[in-house]
>>> print(open('entry_36.txt').read())   # compact mmCIF, C-alpha atoms
# COMPACT_ATOMS: atom_id res chain seq x y z
CA MET A 187 -81.36 49.80 73.69
CA ILE A 188 -79.85 52.44 75.95
CA VAL A 189 -81.57 53.91 79.01
CA LEU A 190 -81.16 57.48 80.31
CA ALA A 191 -83.01 59.01 83.26
CA PHE A 192 -83.69 62.69 83.96
CA THR A 193 -85.42 64.88 86.54
CA THR A 194 -86.75 68.41 86.69
CA GLY A 195 -85.92 68.55 90.39
CA TYR A 196 -88.63 69.65 92.82
CA MET A 197 -90.55 72.72 91.69
CA THR A 198 -92.43 74.84 94.22
CA ASN A 199 -96.06 75.19 93.16
CA THR A 200 -97.57 77.92 95.30
CA ARG A 201 -98.78 81.40 94.57
CA ASP A 202 -96.23 82.70 97.10
CA PHE A 203 -93.55 82.09 94.46
CA GLY A 204 -95.43 83.25 91.34
CA THR A 205 -98.34 81.56 89.62
CA ALA A 206 -99.28 78.04 90.71
CA CYS A 207 -99.80 75.33 88.09
CA SER A 208 -102.98 73.35 87.68
CA ASN A 209 -101.52 71.00 85.08
CA ILE A 210 -98.16 69.91 83.71
CA VAL A 211 -97.88 69.18 80.01
CA VAL A 212 -95.11 66.73 79.09
CA ASN A 213 -93.84 66.76 75.50
CA VAL A 214 -91.78 63.93 74.00
CA VAL A 215 -90.31 64.25 70.50
CA ASN A 216 -88.64 61.25 68.88
CA GLU A 217 -86.33 62.72 66.25
CA ASP A 218 -85.06 59.26 65.24
CA THR A 219 -86.32 58.59 61.72
CA VAL A 220 -86.13 54.80 62.06
CA ASN A 221 -86.37 53.60 65.68
CA PRO A 222 -89.22 53.98 68.19
CA ALA A 223 -88.63 55.09 71.79
CA THR A 224 -90.32 54.42 75.09
CA VAL A 225 -90.41 57.08 77.79
CA THR A 226 -91.62 56.42 81.32
CA VAL A 227 -92.83 59.56 83.09
CA GLN A 228 -93.14 59.65 86.86
CA VAL A 229 -94.63 62.63 88.66
CA PHE A 230 -94.06 63.01 92.40
CA PHE A 231 -95.67 65.60 94.65
CA SER A 232 -95.53 67.04 98.13
CA LEU A 233 -98.34 68.46 100.23
CA VAL A 234 -96.11 69.15 103.21
CA PRO A 235 -92.35 69.74 103.34
CA ASP A 236 -90.03 66.71 103.34
CA THR A 237 -92.42 64.21 101.76
CA LYS A 238 -92.15 62.72 98.26
CA ILE A 239 -95.27 60.89 97.10
CA PRO A 240 -95.78 59.20 93.71
CA LEU A 241 -98.68 60.79 91.85
CA TYR A 242 -98.50 59.42 88.28
CA VAL A 243 -96.57 56.80 86.33
CA SER A 244 -97.10 56.68 82.59
CA ALA A 245 -95.29 54.77 79.84
CA ILE A 246 -95.34 56.51 76.48
CA SER A 247 -94.48 54.69 73.24
CA VAL A 248 -93.27 57.16 70.65
CA PRO A 249 -92.91 55.91 67.06
CA ALA A 250 -90.03 57.12 64.91
CA ASN A 251 -90.29 60.77 63.85
CA SER A 252 -93.28 61.42 66.12
CA ILE A 253 -94.48 63.58 69.00
CA ALA A 254 -96.37 62.55 72.14
CA ARG A 255 -97.98 64.81 74.72
CA ARG A 256 -99.47 64.00 78.13
CA THR A 257 -101.13 66.23 80.72
CA PHE A 258 -100.96 65.65 84.49
CA PHE A 259 -103.14 67.41 87.10
CA VAL A 260 -101.14 69.00 89.95
CA GLN A 261 -103.43 71.72 91.29
CA GLY A 262 -103.12 72.13 95.04
CA VAL A 263 -99.76 70.40 95.52
CA LEU A 264 -97.01 72.28 97.38
CA ALA A 265 -94.31 71.04 94.99
CA TYR A 266 -93.85 68.50 92.22
CA GLU A 267 -91.09 66.72 90.32
CA VAL A 268 -91.17 65.10 86.89
CA GLN A 269 -88.81 62.20 86.19
CA TYR A 270 -88.19 60.67 82.77
CA ASP A 271 -86.74 57.32 81.77
CA VAL A 272 -85.83 57.20 78.07
CA VAL A 273 -85.33 53.82 76.40
CA ALA A 274 -84.15 54.22 72.81
CA THR A 275 -81.53 53.07 70.35
CA VAL A 276 -80.16 56.63 70.38
CA PRO A 277 -81.53 58.40 73.49
CA ALA A 278 -80.06 61.71 72.32
CA ASN A 279 -82.70 61.65 69.55
CA VAL A 280 -85.49 61.89 72.16
CA VAL A 281 -86.23 65.46 73.20
CA LEU A 282 -88.16 66.13 76.42
CA SER A 283 -89.83 69.24 77.81
CA ASN A 284 -92.57 70.08 80.24
CA PHE A 285 -94.63 73.18 80.86
CA GLY A 286 -96.83 74.18 83.77
CA LEU A 287 -100.26 75.58 82.93
CA ASP A 288 -102.34 77.78 85.21
CA GLN A 289 -106.07 77.29 85.86
CA PHE A 290 -106.87 79.09 82.60
CA GLY A 291 -104.50 77.02 80.45
CA ASN A 292 -101.82 79.72 80.21
CA VAL A 293 -98.15 78.70 80.35
CA VAL A 294 -96.47 79.47 83.68
CA GLN A 295 -92.99 80.54 82.57
CA GLU A 296 -91.39 79.65 85.92
CA HIS A 297 -92.51 76.04 85.37
CA ARG A 298 -91.08 75.62 81.88
CA VAL A 299 -88.34 72.97 81.73
CA LEU A 300 -86.52 72.28 78.48
CA GLN A 301 -84.27 69.30 77.67
CA SER A 302 -81.11 71.30 78.41
CA GLU A 303 -82.43 72.16 81.89
CA LEU A 304 -83.09 68.56 82.99
CA THR A 305 -80.67 66.86 85.38
CA THR A 306 -79.40 63.38 84.58
CA ILE A 307 -80.04 60.83 87.35
CA ALA A 308 -78.89 57.23 87.75
CA ALA A 309 -82.44 55.80 87.77
CA LEU A 310 -86.04 56.71 88.44
CA SER A 311 -87.09 56.97 92.08
CA PRO A 312 -89.04 53.98 93.44
CA VAL A 313 -92.81 54.43 93.40
CA SER A 314 -93.83 51.85 95.97
>>> encode(input="entry_36.txt", output="structure tokens")
Amino acid sequence: MIVLAFTTGYMTNTRDFGTACSNIVVNVVNEDTVNPATVTVQVFFSLVPDTKIPLYVSAISVPANSIARRTFFVQGVLAYEVQYDVVATVPANVVLSNFGLDQFGNVVQEHRVLQSELTTIAALSPVS
């Protein structure tokens, strides 16, 4: 198995910079037709500048040729970051995206992050 890690980077989540998100929806698509994948999702947040606090850690098992979706509550946080750790035979077959949703469930376009917009990182940030 090969491991790849990605981050959205920190995303400001205040109304001063557009519409704030209440939730983040994470989508994982395993395009591999034979092999399963495991994706660890870590969400960090900040209530004040210069702090990075773990909010969620979730391991998602995605069977071959399947889709998984998870929702994380982020209402009221100043900023958030989503990190992904993909463990798969062919990590390039795992497609990630996340979307921010406002309080009414509408997509917040400024908080849409597609696979091509993620930044590769060496490893997930520590959560303890």
>>> closest_residue(input="entry_36.txt", among="A:Asn251, A:Asn199, A:Gln269, A:Thr194", to="A:Val225", atoms="only C-alpha atoms")
A:Gln269
>>> closest_residue(input="entry_36.txt", among="A:Val214, A:Ala191, A:Val260, A:Val273", to="A:Leu304", atoms="all atoms listed in the file")
A:Ala191
>>> atom_distance(input="entry_36.txt", atom1="atom CA of A:Ala274", atom2="atom CA of A:Ala308")
16.1 Å
>>> atom_distance(input="entry_36.txt", atom1="atom CA of A:Ala309", atom2="atom CA of A:Asn213")
20.0 Å
>>> atom_distance(input="entry_36.txt", atom1="atom CA of A:Gln295", atom2="atom CA of A:Pro312")
29.0 Å
>>> closest_residue(input="entry_36.txt", among="A:Tyr196, A:Phe259, A:Phe290, A:Phe285", to="A:Thr305", atoms="only C-alpha atoms")
A:Tyr196
>>> closest_residue(input="entry_36.txt", among="A:Thr257, A:Ser252, A:Ser208, A:Thr226", to="A:Leu190", atoms="only C-alpha atoms")
A:Thr226
>>> residues_near_point(input="entry_36.txt", point="(-99.7, 79.9, 89.8)", cutoff="12 Å", atoms="all atoms listed in the file", output="number ranges by chain")
A: 197-210, 260-265, 286-297
>>> closest_residue(input="entry_36.txt", among="A:Tyr266, A:Asn221, A:Ala254, A:Leu282", to="A:Pro235", atoms="all atoms listed in the file")
A:Tyr266
>>> residues_around(input="entry_36.txt", residues="A:Pro222", least_positions_apart="2", cutoff="8 Å", atoms="all atoms listed in the file", output="MDAnalysis selection string")
chainID A and resid 216 218 220 224 247:250 274
>>> build_atoms(input="entry_36.txt", residues="stretch 250-279 of chain A", atoms="N, CA and C atoms", output="PDB file, in the frame of the given file")
ATOM      1  N   ALA A 250     -91.059  56.324  65.569  1.00  0.00           N
ATOM      2  CA  ALA A 250     -90.030  57.120  64.910  1.00  0.00           C
ATOM      3  C   ALA A 250     -90.638  58.390  64.317  1.00  0.00           C
ATOM      4  N   ASN A 251     -89.898  59.483  64.441  1.00  0.00           N
ATOM      5  CA  ASN A 251     -90.290  60.770  63.850  1.00  0.00           C
ATOM      6  C   ASN A 251     -91.685  61.211  64.291  1.00  0.00           C
ATOM      7  N   SER A 252     -91.951  61.091  65.592  1.00  0.00           N
ATOM      8  CA  SER A 252     -93.280  61.420  66.120  1.00  0.00           C
ATOM      9  C   SER A 252     -93.190  62.246  67.396  1.00  0.00           C
ATOM     10  N   ILE A 253     -94.344  62.768  67.785  1.00  0.00           N
ATOM     11  CA  ILE A 253     -94.480  63.580  69.000  1.00  0.00           C
ATOM     12  C   ILE A 253     -95.572  62.974  69.869  1.00  0.00           C
ATOM     13  N   ALA A 254     -95.338  62.977  71.185  1.00  0.00           N
ATOM     14  CA  ALA A 254     -96.370  62.550  72.140  1.00  0.00           C
ATOM     15  C   ALA A 254     -96.499  63.628  73.209  1.00  0.00           C
ATOM     16  N   ARG A 255     -97.710  63.792  73.700  1.00  0.00           N
ATOM     17  CA  ARG A 255     -97.980  64.810  74.720  1.00  0.00           C
ATOM     18  C   ARG A 255     -98.916  64.210  75.759  1.00  0.00           C
ATOM     19  N   ARG A 256     -98.614  64.461  77.026  1.00  0.00           N
ATOM     20  CA  ARG A 256     -99.470  64.000  78.130  1.00  0.00           C
ATOM     21  C   ARG A 256     -99.659  65.151  79.109  1.00  0.00           C
ATOM     22  N   THR A 257    -100.818  65.189  79.740  1.00  0.00           N
ATOM     23  CA  THR A 257    -101.130  66.230  80.720  1.00  0.00           C
ATOM     24  C   THR A 257    -101.389  65.579  82.072  1.00  0.00           C
ATOM     25  N   PHE A 258    -100.818  66.162  83.123  1.00  0.00           N
ATOM     26  CA  PHE A 258    -100.960  65.650  84.490  1.00  0.00           C
ATOM     27  C   PHE A 258    -101.482  66.764  85.397  1.00  0.00           C
ATOM     28  N   PHE A 259    -102.490  66.449  86.193  1.00  0.00           N
ATOM     29  CA  PHE A 259    -103.140  67.410  87.100  1.00  0.00           C
ATOM     30  C   PHE A 259    -102.327  67.542  88.387  1.00  0.00           C
ATOM     31  N   VAL A 260    -101.928  68.770  88.745  1.00  0.00           N
ATOM     32  CA  VAL A 260    -101.140  69.000  89.950  1.00  0.00           C
ATOM     33  C   VAL A 260    -101.675  70.145  90.817  1.00  0.00           C
ATOM     34  N   GLN A 261    -102.875  70.594  90.536  1.00  0.00           N
ATOM     35  CA  GLN A 261    -103.430  71.720  91.290  1.00  0.00           C
ATOM     36  C   GLN A 261    -103.492  71.376  92.775  1.00  0.00           C
ATOM     37  N   GLY A 262    -103.028  72.303  93.599  1.00  0.00           N
ATOM     38  CA  GLY A 262    -103.120  72.130  95.040  1.00  0.00           C
ATOM     39  C   GLY A 262    -101.918  71.464  95.695  1.00  0.00           C
ATOM     40  N   VAL A 263    -100.941  71.010  94.905  1.00  0.00           N
ATOM     41  CA  VAL A 263     -99.760  70.400  95.520  1.00  0.00           C
ATOM     42  C   VAL A 263     -98.739  71.492  95.845  1.00  0.00           C
ATOM     43  N   LEU A 264     -98.012  71.312  96.942  1.00  0.00           N
ATOM     44  CA  LEU A 264     -97.010  72.280  97.380  1.00  0.00           C
ATOM     45  C   LEU A 264     -95.831  72.322  96.411  1.00  0.00           C
ATOM     46  N   ALA A 265     -95.427  71.147  95.928  1.00  0.00           N
ATOM     47  CA  ALA A 265     -94.310  71.040  94.990  1.00  0.00           C
ATOM     48  C   ALA A 265     -94.474  69.760  94.190  1.00  0.00           C
ATOM     49  N   TYR A 266     -93.811  69.701  93.043  1.00  0.00           N
ATOM     50  CA  TYR A 266     -93.850  68.500  92.220  1.00  0.00           C
ATOM     51  C   TYR A 266     -92.506  68.304  91.528  1.00  0.00           C
ATOM     52  N   GLU A 267     -92.286  67.082  91.077  1.00  0.00           N
ATOM     53  CA  GLU A 267     -91.090  66.720  90.320  1.00  0.00           C
ATOM     54  C   GLU A 267     -91.523  65.811  89.180  1.00  0.00           C
ATOM     55  N   VAL A 268     -90.923  65.993  88.016  1.00  0.00           N
ATOM     56  CA  VAL A 268     -91.170  65.100  86.890  1.00  0.00           C
ATOM     57  C   VAL A 268     -89.869  64.357  86.604  1.00  0.00           C
ATOM     58  N   GLN A 269     -89.951  63.024  86.555  1.00  0.00           N
ATOM     59  CA  GLN A 269     -88.810  62.200  86.190  1.00  0.00           C
ATOM     60  C   GLN A 269     -89.107  61.481  84.884  1.00  0.00           C
ATOM     61  N   TYR A 270     -88.065  61.323  84.068  1.00  0.00           N
ATOM     62  CA  TYR A 270     -88.190  60.670  82.770  1.00  0.00           C
ATOM     63  C   TYR A 270     -87.188  59.529  82.668  1.00  0.00           C
ATOM     64  N   ASP A 271     -87.610  58.440  82.081  1.00  0.00           N
ATOM     65  CA  ASP A 271     -86.740  57.320  81.770  1.00  0.00           C
ATOM     66  C   ASP A 271     -86.870  57.076  80.274  1.00  0.00           C
ATOM     67  N   VAL A 272     -85.809  57.315  79.528  1.00  0.00           N
ATOM     68  CA  VAL A 272     -85.830  57.200  78.070  1.00  0.00           C
ATOM     69  C   VAL A 272     -85.152  55.905  77.664  1.00  0.00           C
ATOM     70  N   VAL A 273     -85.881  55.065  76.941  1.00  0.00           N
ATOM     71  CA  VAL A 273     -85.330  53.820  76.400  1.00  0.00           C
ATOM     72  C   VAL A 273     -85.393  53.946  74.881  1.00  0.00           C
ATOM     73  N   ALA A 274     -84.203  54.016  74.255  1.00  0.00           N
ATOM     74  CA  ALA A 274     -84.150  54.220  72.810  1.00  0.00           C
ATOM     75  C   ALA A 274     -82.816  53.733  72.273  1.00  0.00           C
ATOM     76  N   THR A 275     -82.780  53.451  70.989  1.00  0.00           N
ATOM     77  CA  THR A 275     -81.530  53.070  70.350  1.00  0.00           C
ATOM     78  C   THR A 275     -80.525  54.203  70.458  1.00  0.00           C
ATOM     79  N   VAL A 276     -80.989  55.420  70.221  1.00  0.00           N
ATOM     80  CA  VAL A 276     -80.160  56.630  70.380  1.00  0.00           C
ATOM     81  C   VAL A 276     -80.936  57.604  71.259  1.00  0.00           C
ATOM     82  N   PRO A 277     -80.758  57.533  72.591  1.00  0.00           N
ATOM     83  CA  PRO A 277     -81.530  58.400  73.490  1.00  0.00           C
ATOM     84  C   PRO A 277     -81.379  59.892  73.204  1.00  0.00           C
ATOM     85  N   ALA A 278     -80.253  60.290  72.636  1.00  0.00           N
ATOM     86  CA  ALA A 278     -80.060  61.710  72.320  1.00  0.00           C
ATOM     87  C   ALA A 278     -81.052  62.198  71.264  1.00  0.00           C
ATOM     88  N   ASN A 279     -81.693  61.281  70.548  1.00  0.00           N
ATOM     89  CA  ASN A 279     -82.700  61.650  69.550  1.00  0.00           C
ATOM     90  C   ASN A 279     -84.078  61.901  70.169  1.00  0.00           C
TER      91      ASN A 279
END
